[in-house]
There are 2 protein chains.
Amino acid sequence: MTTPDATRAEALDDTLSPLSLKRVGIDTYRENVAYLHRECDLYRAEGFQALSKVEIRANGQRILASLNVVDDAAIVDCQQLGLSEDAFEALGLAEGHPVSVSQAEPPASIPALHRKLAGERLSREDFRHIIRDIAELRYSKIELSAFVIGCDRGELDREEVFYLSDAMSRVGRRLDWHEHPVVDKHCIGGIPGNRTSMLVVPIVAAHGLLCPKTSSRAITSPSGTADTMEVLANVDLPFDVLGDIVRTHRGCLAWGGTSELSPADDVLISVERPLSLDSPGQMVASILSKKVAAGSTHLLLDIPVGPHAKVRSMPEARQLRRLFEFVAGCMGLTLDVVITDGSQPVGRGIGPVLEARDAMRVLTHHAEAPMDLRLKALRLAGRMLEFDPDVRGGAGFGMARDILDDGRAAEKMRAIIEAQGAKPFDPENPPLAPHRFEVLATADGVVTGIDNIKLARIARLAGAPKAAGAGVELFRCIGDPVTTGQPLYRVHAAYRNELTFAHQSTERESGIAIGHADEIIRLNVEF
Amino acid sequence: MTTPDATRAEALDDTLSPLSLKRVGIDTYRENVAYLHRECDLYRAEGFQALSKVEIRANGQRILASLNVVDDAAIVDCQQLGLSEDAFEALGLAEGHPVSVSQAEPPASIPALHRKLAGERLSREDFRHIIRDIAELRYSKIELSAFVIGCDRGELDREEVFYLSDAMSRVGRRLDWHEHPVVDKHCIGGIPGNRTSMLVVPIVAAHGLLCPKTSSRAITSPSGTADTMEVLANVDLPFDVLGDIVRTHRGCLAWGGTSELSPADDVLISVERPLSLDSPGQMVASILSKKVAAGSTHLLLDIPVGPHAKVRSMPEARQLRRLFEFVAGCMGLTLDVVITDGSQPVGRGIGPVLEARDAMRVLTHHAEAPMDLRLKALRLAGRMLEFDPDVRGGAGFGMARDILDDGRAAEKMRAIIEAQGAKPFDPENPPLAPHRFEVLATADGVVTGIDNIKLARIARLAGAPKAAGAGVELFRCIGDPVTTGQPLYRVHAAYRNELTFAHQSTERESGIAIGHADEIIRLNVEF
C-alpha cells in the first residue's frame with residue numbers, strides 16, 4: 001500500500017527524542033499548563049500553536065495541558081518540558097524524568113460539550129464523561145468556560161441538573177459513615193455573620209445525631225464557617241482523624257478539603273467565580289454533590305431571601321427549593337429546605353474572630369449574645385433534630401432550646417474543640433485586629449436597610465478572612481432608632497493600607513440606610 | 001465621620017511600595033498574564049487569588065491582566081511584577097520600571113457581556129465597548145470564551161452581527177486608497193488547493209481595477225494564500241511599501257498582518273479556534289470587518305458547498321449569503337456572493353509549493369495546468385471585472401479569459417512578484433519536500449468522493465505549511481476511473497516523523513472513496 005520510504009518512516013515512529021520534565025513554579029489555578037521553548041525541535045517539527053492542547057506521556061501516565069510558548073531558557077530550555085504546579089502534581093513524576101509530548105486529541109467528552117453548546121439535552125453518560133475529564137484537568141480554561149456558559153441560564157432541565165450533580169458526586173472521594181441518618185446543614189450563603197453551624201452542630205450532636213459537618217473556607221465572603229472555627233480549633237484534619245472524632249463525639253466542625261470531595265466542583269468554580277456566574281443548576285450540583293460525597297443522608301438547606309441576598313424574592317426562593325428537592329430526591333438524599341430572612345447580617349460580627357465571639361457568647365449565654373443568631377440557630381437545630389425518627393414533628397425547637405440552655409451544647413462544643421485541637425481563645429478578650437475606625441450615623445431616624453454585599457466587601461477590604469481579627473462589628477439592626485453621630489459599625493483591620501481601602505469604601509457608601517420606619521421592606525418569609 | 005486612625009490611614013494610601021517591571025518570556029497568546037510571587041507583600045496584603053484580574057499602572061498607562069502566582073524567584077522575585085510577552089508590549093515600558101498593581105475593576109463592558117449571557121439583545125454601543133475592551137486585551141480567556149459562546153449558535157440577530165462587524169472594523173488600523181472601486185475577493189475556506197487569488201488578482205489588476213489583496217496565513221489549513229505566495233515572493237510588507245506597489249501595479253498578493261487590521265478578530269480567533277467554533281455571525285463579522293478595514297469597496301465572496309466543506313447544503317449556503325448581504329449592505333460594502341462546488345480540492349496540489357506550481361502552470365498555459373483551477377479562477381475574475389462600471393454584465397468571463405490567454409495576467413503576476421521581492425522558483429523543478437509515499441487505490445471503480453478535511457489533515461501532518469514543500473499531490477478527481485494499485489495521491493514530507501504521522505493517518509483512512517459512478521453526489525451549484 002505504501003513505498004519503502006513510508007514503511008521505514010513507520011519504524012522511526014518512536015525515535016523522537018523525549019524531553020526532560022521540569023516543574024515550573026507557576027500556579028495556573030486548576031489548569032494544566034505546559035511550557036515548551038520556541039526553539040525546541042519538537043515544537044518546530046510538530047507545528048504546535050500557543051494554547052493548543054498537548055498530551056504529555058511518561059510511564060504509561062498521560063495528562064493533557066494547554067501550551068505556553070517560552071522564549072527564556074531560564075524557564076525551560078530546548079531539552080525540557082515544563083509543567084505548571086498543578087500539572088506537575090497530576091503527572092506525579094520527578095524532575096528530569098523523560099517525557100514525550102504530542103498534539104493532544106481533544107478530551108473524549110468534547111463532542112458532548114459541543115452538543116450542549118448547540119442547545120442539545122445531554123445524557124447521564126455525557127455528564128459522567130464531561131465531569132471525569134474536568135476532574136482530571138483535561139479541559140482548558142476555554143473549554144471549561146464553554147461548559148459553564150452552556151449550562152448557565154436554565155439551559156439544563158432538572159434531569160440534567162441531577163445528571164450533573166450525580167456525576168460530580170462520583171468523581172473523587174466518597175465517605176461512608178456506616179450508619180443512618182447522617183445529618184448535615186448548609187446555607188446557600190450571601191449573608192454576613194450567620195455562623196449558625198457553630199451552634200447547630202453541637203446541639204444536634206449533643207442530642208446524638210451523627211453530624212460530620214464539613215464547611216468551606218471563604219471564597220468571596222469575609223469568612224466561611226471553616227475560617228471562623230479555625231479561630232477556636234484546628235480545622236484541617238485528615239479524613240481518618242476526622243472519622244475518629246465524629247464517631248466519638250457525633251459531630252465535628254472541619255474544613256471540607258474541597259479538592260478531595262467532588263473535585264470537579266473546585267475546577268468549575270475556578271471559572272464560575274471570575275465570571276460571577278452562579279446559576280441555580282450549578283448551585284444545586286455544587287452543594288448536593290459535595291453533601292452526597294461526604295456521606296450525608298439528611299440535609300437541612302437554608303435559603304436566605306432579601307434585597308441584598310443571593311435570592312431576592314420569595315417566588316425565586318420557592319423555584320430554587322423545588323429544584324433542590326427534585327435533585328436531592330433523585331440522589332436519595334432526604335432534604336428539608338427552609339427559606340429564611342436574609343435582609344441583614346445575622347449576629348454582630350463579620351469576620352472570623354468576631355463571628356467566633358458571637359457563637360461562643362450564644363453558647364455561654366453571655367449578656368451580649370446576639371439574639372438573632374441564637375433564635376435562627378435554634379430553629380435550624382430544631383428542624384434537624386426532627387430528622388431523628390423518634391422526634392415528634394414540631395418538638396425539635398423546644399428540644400434544641402433545652403440542649404442549648406442547660407449547657408449540653410456548650411459542653412459538646414468544648415469537646416469537639418478539644419478533639420480537633422483547641423487554640424487559645426478568650427471571648428472576653430478576642431484577638432481583634434489593631435487598626436479600627438467607626439462609621440457614624442449621618443441622620444436621625446431608624447435603620448431601614450443593610451446592604452449585605454457592601455458590608456461583606458468592607459470586611460474583606462479590611463483583611464478578613466486572611467486576617468482573622470479583621471472585619472466589621474455591627475451596632476445596629478434594621479428597625480433600630482439612631483441619631484446623628486451614633487456609631488453604626490466599627491471596622492477592624494490588621495494593616496494600615498487595608499484600613500485605608502475599607503475606609504475609602506465606607507466613605508463612598510456606608511451600606512446602612514437610615515430613614516422612616518415605614519420604609520422598611522418586610523419579607524414574608526415562612527421561617 | 002472617622003477616628004484619627006482612619007484619617008491617618010487615608011494619608012498612607014499612596015505609600016504602598018511599587019514593584020519593578022519584568023518581562024517574562026512566556027507567550028500566553030493574546031492574553032495578558034501578570035506574574036506575582038506568592039511571598040510578595042502586595043500579594044499577601046491584597047488577598048489576590050490566582051486568575052483574579054489585576055490592574056497594572058505606570059506613567060498614566062494601565063493594562064489589565066490575569067494573575068498567575070509564582071513560587072520561583074527565578075521567574076519573578078518578591079519585588080517584581082512579571083508580564084507575559086503580549087502584556088509587556090502592551091504596557092510599553094522598560095524592564096525595571098516601577099509599576100503599581102491593584103485588584104482590577106472588571107472591564108467596563110462586562111455588564112454588557114452578562115446581559116448577552118442572559119440572552120439579551122445588545123446595542124451598537126454595547127458591541128463597541130466590548131470590542132474595544134477585547135482589542136485592548138482587557139478580557140481574560142474566560143471572559144473571551146463567554147463572549148464567543150454567548151454570540152454563538154444564532155444568538156445574534158442580523159442587526160447585532162452588523163454591530164459586531166462594524167465595531168470590529170473600527171478598532172485598529174483602517175486603510176483608505178482614495179479611489180473607487182477598490183475590489184477584493186474572499187473565500188470562506190475549507191477547500192484544499194483552491195488558490196484562485198493567485199490568478200484572479202493578476203487578471204483583475206491587468207484589467208486596471210485596484211485590487212490590494214491581503215490574504216491570511218493558514219490557521220488550521222495546510223496553506224493560506226499568503227503561505228503559497230510566499231514561495232514566489234516576499235509577502236510580509238509594511239503598509240507604506242504595500243501602498244506604493246498597489247498604486248504602481250494596481251494589485252498585490254500580500255499577508256494581511258492581521259493584528260493591525262481588525263485586531264479584535266485576532267483575539268476572538270484565539271478562543272474560537274480551540275473551541276472549533278465558527279458560527280455564521282462570527283464568520284461574517286471576521287471577514288467583513290477585515291475587508292472594510294482594508295479599504296475595500298467591492299467584495300466577491302466565494303462560498304463553496306460540499307459534503308466535506310464548511311457549508312454542507314445549498315439552503316445553508318443561501319442563508320449564509322443573505323446574512324453576508326445584509327451586513328455588507330449596512331457597512332456600505334458592495335458584495336457579490338457566488339456559491340461554488342466544494343465537493344473536492346481545486347487544483348492538483350495541497351501545500352504551499354505544490355499550490356504555487358499549480359498557479360504558475362495555469363498562468364503559463366503549461367500542459368499539466370489544472371483545468372478546474374483555471375476555470376474557477378476565470379469565473380471569479382469575470383465576476384470581479386463586472387465590478388467595473390464600464391464592463392457589461394456577462395462580459396467579464398470572456399475578458400478574463402483573454403487577459404489570461406494573451407499573457408497579460410502572467411506579465412502582471414511577474415511584475416507583482418518583482419515588486420514584492422521575487423524568490424527563486426522553477427515551476428519545472430519546485431523545491432518539494434524529500435520524503436514521500438503514495439497512497440494507492442484498493443479497488444477498481446471510479447472516485448466517488450474526496451474528503452477535503454481528511455486530505456487537509458494529511459497535508460498538515462506532513463508538515464504543511466511550516467514546511468513549504470510538504471503536502472499532498474492529487475492524481476485523481478471525482479469521476480475519474482481507477483484500478484487497484486494505481487496511485488491516488490502522493491504525500492511529501494520534510495521530516496521522517498512527519499512522514500510517519502501522515503502515513504499512519506492514511507493507513508486509517510485514505511480520504512478517497514472508490515465506487516460506482518452513480519454513487520457520486522451531484523451538487524446543484526449555481527456557479
# chains A, B, ... in the order shown; residues from 1 in each chain; ligands from 1
>>> residues_around(residues="A:Pro18", least_positions_apart="6", cutoff="7 Å", atoms="only C-alpha atoms", output="PyMOL selection string")
chain A and resi 98-100
>>> write_last_selection(atoms="N, CA and C atoms", output="PDB file, in the first residue's frame")
ATOM      1  N   PRO A  98      12.226  11.549  31.725  1.00  0.00           N
ATOM      2  CA  PRO A  98      11.943  11.742  30.299  1.00  0.00           C
ATOM      3  C   PRO A  98      10.440  11.670  30.014  1.00  0.00           C
ATOM      4  N   VAL A  99       9.963  12.621  29.230  1.00  0.00           N
ATOM      5  CA  VAL A  99       8.542  12.638  28.848  1.00  0.00           C
ATOM      6  C   VAL A  99       8.441  12.857  27.344  1.00  0.00           C
ATOM      7  N   SER A 100       7.404  12.281  26.732  1.00  0.00           N
ATOM      8  CA  SER A 100       7.161  12.607  25.324  1.00  0.00           C
ATOM      9  C   SER A 100       5.898  13.446  25.216  1.00  0.00           C
TER      10      SER A 100
END
>>> closest_atom_pairs(of="stretch 264-342 of chain A", to="stretch 115-119 of chain B", cutoff="12 Å", atoms="only C-alpha atoms", output="CSV")
residue,atom,partner,partner_atom,distance
A:Leu275,CA,B:Leu117,CA,10.4
A:Ser276,CA,B:Leu117,CA,11.7
A:Leu277,CA,B:Leu117,CA,9.9
A:Ser279,CA,B:Ala118,CA,10.7
>>> residues_around(residues="stretch 178-181 of chain A", least_positions_apart="6", cutoff="10 Å", atoms="only C-alpha atoms", output="ChimeraX atom specification")
/A:209-211,295-299,334,387-389
>>> closest_residue(among="A:Ile26, A:Cys151, A:Val446, A:Ala381", to="chain B", atoms="only C-alpha atoms")
A:Ile26
>>> atom_distance(atom1="atom CA of B:Ala369", atom2="atom CA of B:Lys412")
18.6 Å
>>> residues_around(residues="A:Arg273", least_positions_apart="4", cutoff="10 Å", atoms="only C-alpha atoms", output="JSON, numbers by chain")
{"A": [219, 220, 268, 269, 277, 278], "B": [51, 52]}
>>> write_last_selection(atoms="N, CA and C atoms", output="JSON list (two decimals), in the first residue's frame")
[["chain", "number", "residue", "atom", "x", "y", "z"],
["A", 219, "ILE", "N", -14.67, 31.98, 49.94],
["A", 219, "ILE", "CA", -14.15, 32.16, 48.58],
["A", 219, "ILE", "C", -14.25, 33.65, 48.25],
["A", 220, "THR", "N", -15.45, 34.18, 48.30],
["A", 220, "THR", "CA", -15.61, 35.62, 48.04],
["A", 220, "THR", "C", -16.16, 36.35, 49.27],
["A", 268, "LEU", "N", -14.73, 23.74, 38.35],
["A", 268, "LEU", "CA", -15.79, 24.56, 37.76],
["A", 268, "LEU", "C", -15.82, 25.94, 38.42],
["A", 269, "ILE", "N", -15.64, 25.96, 39.74],
["A", 269, "ILE", "CA", -15.65, 27.24, 40.46],
["A", 269, "ILE", "C", -14.55, 28.16, 39.94],
["A", 277, "LEU", "N", -20.71, 33.83, 37.83],
["A", 277, "LEU", "CA", -21.88, 33.03, 37.47],
["A", 277, "LEU", "C", -22.24, 32.14, 38.65],
["A", 278, "ASP", "N", -23.52, 32.04, 38.94],
["A", 278, "ASP", "CA", -23.95, 31.13, 40.00],
["A", 278, "ASP", "C", -25.37, 30.71, 39.67],
["B", 51, "LEU", "N", -5.69, 33.79, 39.06],
["B", 51, "LEU", "CA", -6.66, 34.04, 38.00],
["B", 51, "LEU", "C", -7.46, 35.31, 38.22],
["B", 52, "SER", "N", -7.36, 35.94, 39.38],
["B", 52, "SER", "CA", -8.12, 37.17, 39.54],
["B", 52, "SER", "C", -7.47, 38.23, 38.67]]
>>> atom_distance(atom1="atom CA of A:Pro481", atom2="atom CA of A:Gly445")
5.7 Å
>>> closest_residue(among="B:Phe425, B:Phe527, B:Phe437, B:Trp255", to="chain A", atoms="only C-alpha atoms")
B:Phe437
>>> residues_around(residues="A:Gly469", least_positions_apart="5", cutoff="10 Å", atoms="only C-alpha atoms", output="ChimeraX atom specification")
/A:231,350-355,430-434,462-464,492-494
>>> write_last_selection(atoms="N, CA and C atoms", output="PDB file, in the first residue's frame")
ATOM      1  N   VAL A 231     -10.484  29.806  64.321  1.00  0.00           N
ATOM      2  CA  VAL A 231     -10.086  30.697  65.415  1.00  0.00           C
ATOM      3  C   VAL A 231     -10.049  29.907  66.725  1.00  0.00           C
ATOM      4  N   ILE A 350     -18.755  40.345  61.641  1.00  0.00           N
ATOM      5  CA  ILE A 350     -18.465  39.879  60.284  1.00  0.00           C
ATOM      6  C   ILE A 350     -16.958  39.742  60.188  1.00  0.00           C
ATOM      7  N   GLY A 351     -16.460  38.496  60.056  1.00  0.00           N
ATOM      8  CA  GLY A 351     -15.020  38.229  60.110  1.00  0.00           C
ATOM      9  C   GLY A 351     -14.779  37.123  61.121  1.00  0.00           C
ATOM     10  N   PRO A 352     -13.734  36.294  60.913  1.00  0.00           N
ATOM     11  CA  PRO A 352     -13.546  35.085  61.728  1.00  0.00           C
ATOM     12  C   PRO A 352     -13.600  35.303  63.237  1.00  0.00           C
ATOM     13  N   VAL A 353     -12.775  36.182  63.794  1.00  0.00           N
ATOM     14  CA  VAL A 353     -12.731  36.334  65.260  1.00  0.00           C
ATOM     15  C   VAL A 353     -14.048  36.882  65.787  1.00  0.00           C
ATOM     16  N   LEU A 354     -14.581  37.888  65.124  1.00  0.00           N
ATOM     17  CA  LEU A 354     -15.840  38.496  65.574  1.00  0.00           C
ATOM     18  C   LEU A 354     -16.978  37.480  65.550  1.00  0.00           C
ATOM     19  N   GLU A 355     -16.986  36.639  64.536  1.00  0.00           N
ATOM     20  CA  GLU A 355     -18.052  35.637  64.431  1.00  0.00           C
ATOM     21  C   GLU A 355     -17.873  34.546  65.473  1.00  0.00           C
ATOM     22  N   PRO A 430     -11.020  38.906  72.741  1.00  0.00           N
ATOM     23  CA  PRO A 430     -10.652  38.229  71.487  1.00  0.00           C
ATOM     24  C   PRO A 430      -9.557  38.990  70.735  1.00  0.00           C
ATOM     25  N   PRO A 431      -8.736  38.280  69.951  1.00  0.00           N
ATOM     26  CA  PRO A 431      -7.617  38.904  69.229  1.00  0.00           C
ATOM     27  C   PRO A 431      -8.094  39.705  68.008  1.00  0.00           C
ATOM     28  N   LEU A 432      -8.712  40.852  68.282  1.00  0.00           N
ATOM     29  CA  LEU A 432      -9.216  41.684  67.184  1.00  0.00           C
ATOM     30  C   LEU A 432      -8.076  42.473  66.553  1.00  0.00           C
ATOM     31  N   ALA A 433      -8.214  42.767  65.261  1.00  0.00           N
ATOM     32  CA  ALA A 433      -7.160  43.492  64.544  1.00  0.00           C
ATOM     33  C   ALA A 433      -7.006  44.896  65.129  1.00  0.00           C
ATOM     34  N   PRO A 434      -5.781  45.408  65.191  1.00  0.00           N
ATOM     35  CA  PRO A 434      -5.480  46.632  65.959  1.00  0.00           C
ATOM     36  C   PRO A 434      -6.029  47.927  65.358  1.00  0.00           C
ATOM     37  N   ALA A 462     -10.967  45.103  54.685  1.00  0.00           N
ATOM     38  CA  ALA A 462     -10.267  45.286  55.963  1.00  0.00           C
ATOM     39  C   ALA A 462      -9.333  44.114  56.266  1.00  0.00           C
ATOM     40  N   GLY A 463      -9.421  43.047  55.445  1.00  0.00           N
ATOM     41  CA  GLY A 463      -8.453  41.964  55.598  1.00  0.00           C
ATOM     42  C   GLY A 463      -9.029  40.602  55.931  1.00  0.00           C
ATOM     43  N   ALA A 464     -10.336  40.552  56.201  1.00  0.00           N
ATOM     44  CA  ALA A 464     -10.958  39.257  56.503  1.00  0.00           C
ATOM     45  C   ALA A 464     -11.127  38.466  55.209  1.00  0.00           C
ATOM     46  N   HIS A 492     -12.442  46.727  61.828  1.00  0.00           N
ATOM     47  CA  HIS A 492     -11.145  46.320  62.365  1.00  0.00           C
ATOM     48  C   HIS A 492     -10.256  45.854  61.221  1.00  0.00           C
ATOM     49  N   ALA A 493      -9.031  46.374  61.162  1.00  0.00           N
ATOM     50  CA  ALA A 493      -8.100  45.960  60.109  1.00  0.00           C
ATOM     51  C   ALA A 493      -6.740  45.619  60.698  1.00  0.00           C
ATOM     52  N   ALA A 494      -6.031  44.685  60.038  1.00  0.00           N
ATOM     53  CA  ALA A 494      -4.720  44.252  60.534  1.00  0.00           C
ATOM     54  C   ALA A 494      -3.614  45.167  60.013  1.00  0.00           C
TER      55      ALA A 494
END
>>> select_by_dssp(residues="stretch 384-488 of chain A", states="alpha helix (DSSP H)", output="count of residues only")
35
>>> atom_distance(atom1="atom CA of A:Leu242", atom2="atom CA of A:His186")
18.9 Å
>>> residues_around(residues="B:Met399", least_positions_apart="5", cutoff="12 Å", atoms="only C-alpha atoms", output="short mmCIF file (atom, residue, chain, number, x, y, z; two decimals) with N, CA, C and O atoms, in the first residue's frame")
data_model
loop_
_atom_site.label_atom_id
_atom_site.label_comp_id
_atom_site.auth_asym_id
_atom_site.auth_seq_id
_atom_site.Cartn_x
_atom_site.Cartn_y
_atom_site.Cartn_z
N ILE B 203 -5.22 38.96 -13.09
CA ILE B 203 -6.18 39.22 -14.18
C ILE B 203 -6.88 40.55 -13.95
O ILE B 203 -6.92 41.43 -14.81
N VAL B 204 -7.41 40.73 -12.72
CA VAL B 204 -8.19 41.93 -12.41
C VAL B 204 -7.29 43.17 -12.44
O VAL B 204 -7.66 44.22 -12.98
N ALA B 206 -4.51 43.47 -14.14
CA ALA B 206 -4.11 43.71 -15.54
C ALA B 206 -5.20 44.50 -16.27
O ALA B 206 -4.92 45.35 -17.10
N HIS B 207 -6.46 44.23 -15.88
CA HIS B 207 -7.57 44.99 -16.48
C HIS B 207 -7.54 46.44 -16.00
O HIS B 207 -8.03 47.34 -16.70
N LEU B 378 -11.17 31.90 -13.71
CA LEU B 378 -11.72 32.75 -14.77
C LEU B 378 -13.14 33.22 -14.42
O LEU B 378 -13.50 34.37 -14.63
N ARG B 379 -13.92 32.29 -13.84
CA ARG B 379 -15.30 32.67 -13.47
C ARG B 379 -15.29 33.75 -12.39
O ARG B 379 -16.01 34.75 -12.49
N LEU B 380 -14.42 33.55 -11.38
CA LEU B 380 -14.36 34.54 -10.29
C LEU B 380 -13.85 35.88 -10.82
O LEU B 380 -14.42 36.94 -10.55
N ALA B 381 -12.78 35.82 -11.62
CA ALA B 381 -12.20 37.06 -12.17
C ALA B 381 -13.25 37.77 -13.03
O ALA B 381 -13.40 38.99 -12.97
N GLY B 382 -14.00 36.99 -13.80
CA GLY B 382 -15.04 37.57 -14.64
C GLY B 382 -16.05 38.36 -13.83
O GLY B 382 -16.41 39.49 -14.15
N ARG B 383 -16.49 37.75 -12.71
CA ARG B 383 -17.47 38.44 -11.86
C ARG B 383 -16.87 39.70 -11.27
O ARG B 383 -17.54 40.72 -11.15
N MET B 384 -15.58 39.63 -10.93
CA MET B 384 -14.94 40.81 -10.34
C MET B 384 -14.80 41.91 -11.38
O MET B 384 -14.99 43.08 -11.08
N LEU B 385 -14.47 41.54 -12.63
CA LEU B 385 -14.32 42.56 -13.68
C LEU B 385 -15.63 43.32 -13.84
O LEU B 385 -15.64 44.50 -14.18
N GLU B 386 -16.74 42.62 -13.56
CA GLU B 386 -18.05 43.28 -13.73
C GLU B 386 -18.32 44.30 -12.61
O GLU B 386 -19.33 45.01 -12.66
N ASP B 388 -16.44 46.68 -12.51
CA ASP B 388 -16.07 47.86 -13.28
C ASP B 388 -17.33 48.40 -13.98
O ASP B 388 -17.94 47.69 -14.77
N VAL B 391 -17.90 47.63 -17.60
CA VAL B 391 -17.97 46.27 -18.11
C VAL B 391 -19.43 45.81 -18.11
O VAL B 391 -20.12 45.89 -17.08
N ARG B 392 -19.89 45.33 -19.23
CA ARG B 392 -21.26 44.88 -19.39
C ARG B 392 -21.47 43.58 -18.62
O ARG B 392 -20.59 42.73 -18.59
N GLY B 393 -22.62 43.44 -17.97
CA GLY B 393 -22.95 42.21 -17.26
C GLY B 393 -22.81 41.03 -18.18
O GLY B 393 -23.32 41.06 -19.30
N GLY B 394 -22.05 39.99 -17.73
CA GLY B 394 -21.89 38.80 -18.55
C GLY B 394 -20.65 38.83 -19.43
O GLY B 394 -20.22 37.80 -19.93
N LEU B 404 -5.96 36.27 -19.49
CA LEU B 404 -5.13 35.13 -19.09
C LEU B 404 -4.42 34.55 -20.32
O LEU B 404 -3.21 34.31 -20.30
N ASP B 405 -5.17 34.36 -21.43
CA ASP B 405 -4.62 33.63 -22.58
C ASP B 405 -3.62 34.45 -23.39
O ASP B 405 -2.71 33.88 -23.99
N ASP B 406 -3.76 35.78 -23.39
CA ASP B 406 -2.78 36.55 -24.18
C ASP B 406 -1.56 36.95 -23.35
O ASP B 406 -0.74 37.76 -23.76
N ARG B 408 -1.22 38.68 -20.55
CA ARG B 408 -1.18 39.87 -19.73
C ARG B 408 -1.20 39.52 -18.24
O ARG B 408 -0.55 40.16 -17.42
N ALA B 409 -1.95 38.46 -17.89
CA ALA B 409 -2.03 38.05 -16.48
C ALA B 409 -0.66 37.59 -15.99
O ALA B 409 -0.19 38.01 -14.92
#
>>> decode(residues="stretch 234-253 of chain A", atoms="N, CA and C atoms", output="JSON list (two decimals), in the first residue's frame")
[["chain", "number", "residue", "atom", "x", "y", "z"],
["A", 234, "ASN", "N", -8.20, 23.59, 65.35],
["A", 234, "ASN", "CA", -7.67, 23.16, 64.06],
["A", 234, "ASN", "C", -8.81, 22.59, 63.22],
["A", 235, "VAL", "N", -8.89, 23.01, 61.94],
["A", 235, "VAL", "CA", -9.99, 22.51, 61.09],
["A", 235, "VAL", "C", -9.47, 21.68, 59.93],
["A", 236, "ASP", "N", -8.15, 21.68, 59.75],
["A", 236, "ASP", "CA", -7.58, 20.98, 58.60],
["A", 236, "ASP", "C", -7.12, 19.60, 59.06],
["A", 237, "LEU", "N", -8.05, 18.64, 59.03],
["A", 237, "LEU", "CA", -7.79, 17.31, 59.61],
["A", 237, "LEU", "C", -7.84, 16.24, 58.53],
["A", 238, "PRO", "N", -6.92, 15.25, 58.60],
["A", 238, "PRO", "CA", -7.02, 14.12, 57.67],
["A", 238, "PRO", "C", -8.33, 13.37, 57.89],
["A", 239, "PHE", "N", -8.85, 12.75, 56.83],
["A", 239, "PHE", "CA", -10.16, 12.12, 56.93],
["A", 239, "PHE", "C", -10.23, 11.06, 58.03],
["A", 240, "ASP", "N", -9.12, 10.32, 58.24],
["A", 240, "ASP", "CA", -9.19, 9.25, 59.26],
["A", 240, "ASP", "C", -9.33, 9.87, 60.66],
["A", 241, "VAL", "N", -8.57, 10.93, 60.92],
["A", 241, "VAL", "CA", -8.68, 11.62, 62.22],
["A", 241, "VAL", "C", -10.10, 12.15, 62.39],
["A", 242, "LEU", "N", -10.57, 12.80, 61.33],
["A", 242, "LEU", "CA", -11.94, 13.34, 61.34],
["A", 242, "LEU", "C", -12.94, 12.25, 61.69],
["A", 243, "GLY", "N", -12.74, 11.07, 61.05],
["A", 243, "GLY", "CA", -13.65, 9.95, 61.29],
["A", 243, "GLY", "C", -13.70, 9.57, 62.76],
["A", 244, "ASP", "N", -12.53, 9.48, 63.37],
["A", 244, "ASP", "CA", -12.49, 9.10, 64.80],
["A", 244, "ASP", "C", -13.23, 10.13, 65.64],
["A", 245, "ILE", "N", -12.96, 11.42, 65.38],
["A", 245, "ILE", "CA", -13.62, 12.49, 66.16],
["A", 245, "ILE", "C", -15.14, 12.38, 66.02],
["A", 246, "VAL", "N", -15.59, 12.20, 64.78],
["A", 246, "VAL", "CA", -17.04, 12.16, 64.56],
["A", 246, "VAL", "C", -17.66, 10.96, 65.28],
["A", 247, "ARG", "N", -17.00, 9.79, 65.17],
["A", 247, "ARG", "CA", -17.56, 8.61, 65.82],
["A", 247, "ARG", "C", -17.58, 8.78, 67.34],
["A", 248, "THR", "N", -16.57, 9.44, 67.90],
["A", 248, "THR", "CA", -16.51, 9.64, 69.36],
["A", 248, "THR", "C", -17.50, 10.70, 69.83],
["A", 249, "HIS", "N", -17.55, 11.82, 69.11],
["A", 249, "HIS", "CA", -18.32, 12.97, 69.62],
["A", 249, "HIS", "C", -19.59, 13.22, 68.83],
["A", 250, "ARG", "N", -19.89, 12.43, 67.80],
["A", 250, "ARG", "CA", -21.10, 12.54, 66.98],
["A", 250, "ARG", "C", -21.10, 13.77, 66.08],
["A", 251, "GLY", "N", -20.04, 14.57, 66.14],
["A", 251, "GLY", "CA", -20.02, 15.75, 65.28],
["A", 251, "GLY", "C", -18.63, 16.33, 65.14],
["A", 252, "CYS", "N", -18.47, 17.24, 64.21],
["A", 252, "CYS", "CA", -17.22, 17.96, 64.04],
["A", 252, "CYS", "C", -17.53, 19.25, 63.28],
["A", 253, "LEU", "N", -16.57, 20.13, 63.30],
["A", 253, "LEU", "CA", -16.68, 21.37, 62.52],
["A", 253, "LEU", "C", -15.34, 21.56, 61.81]]
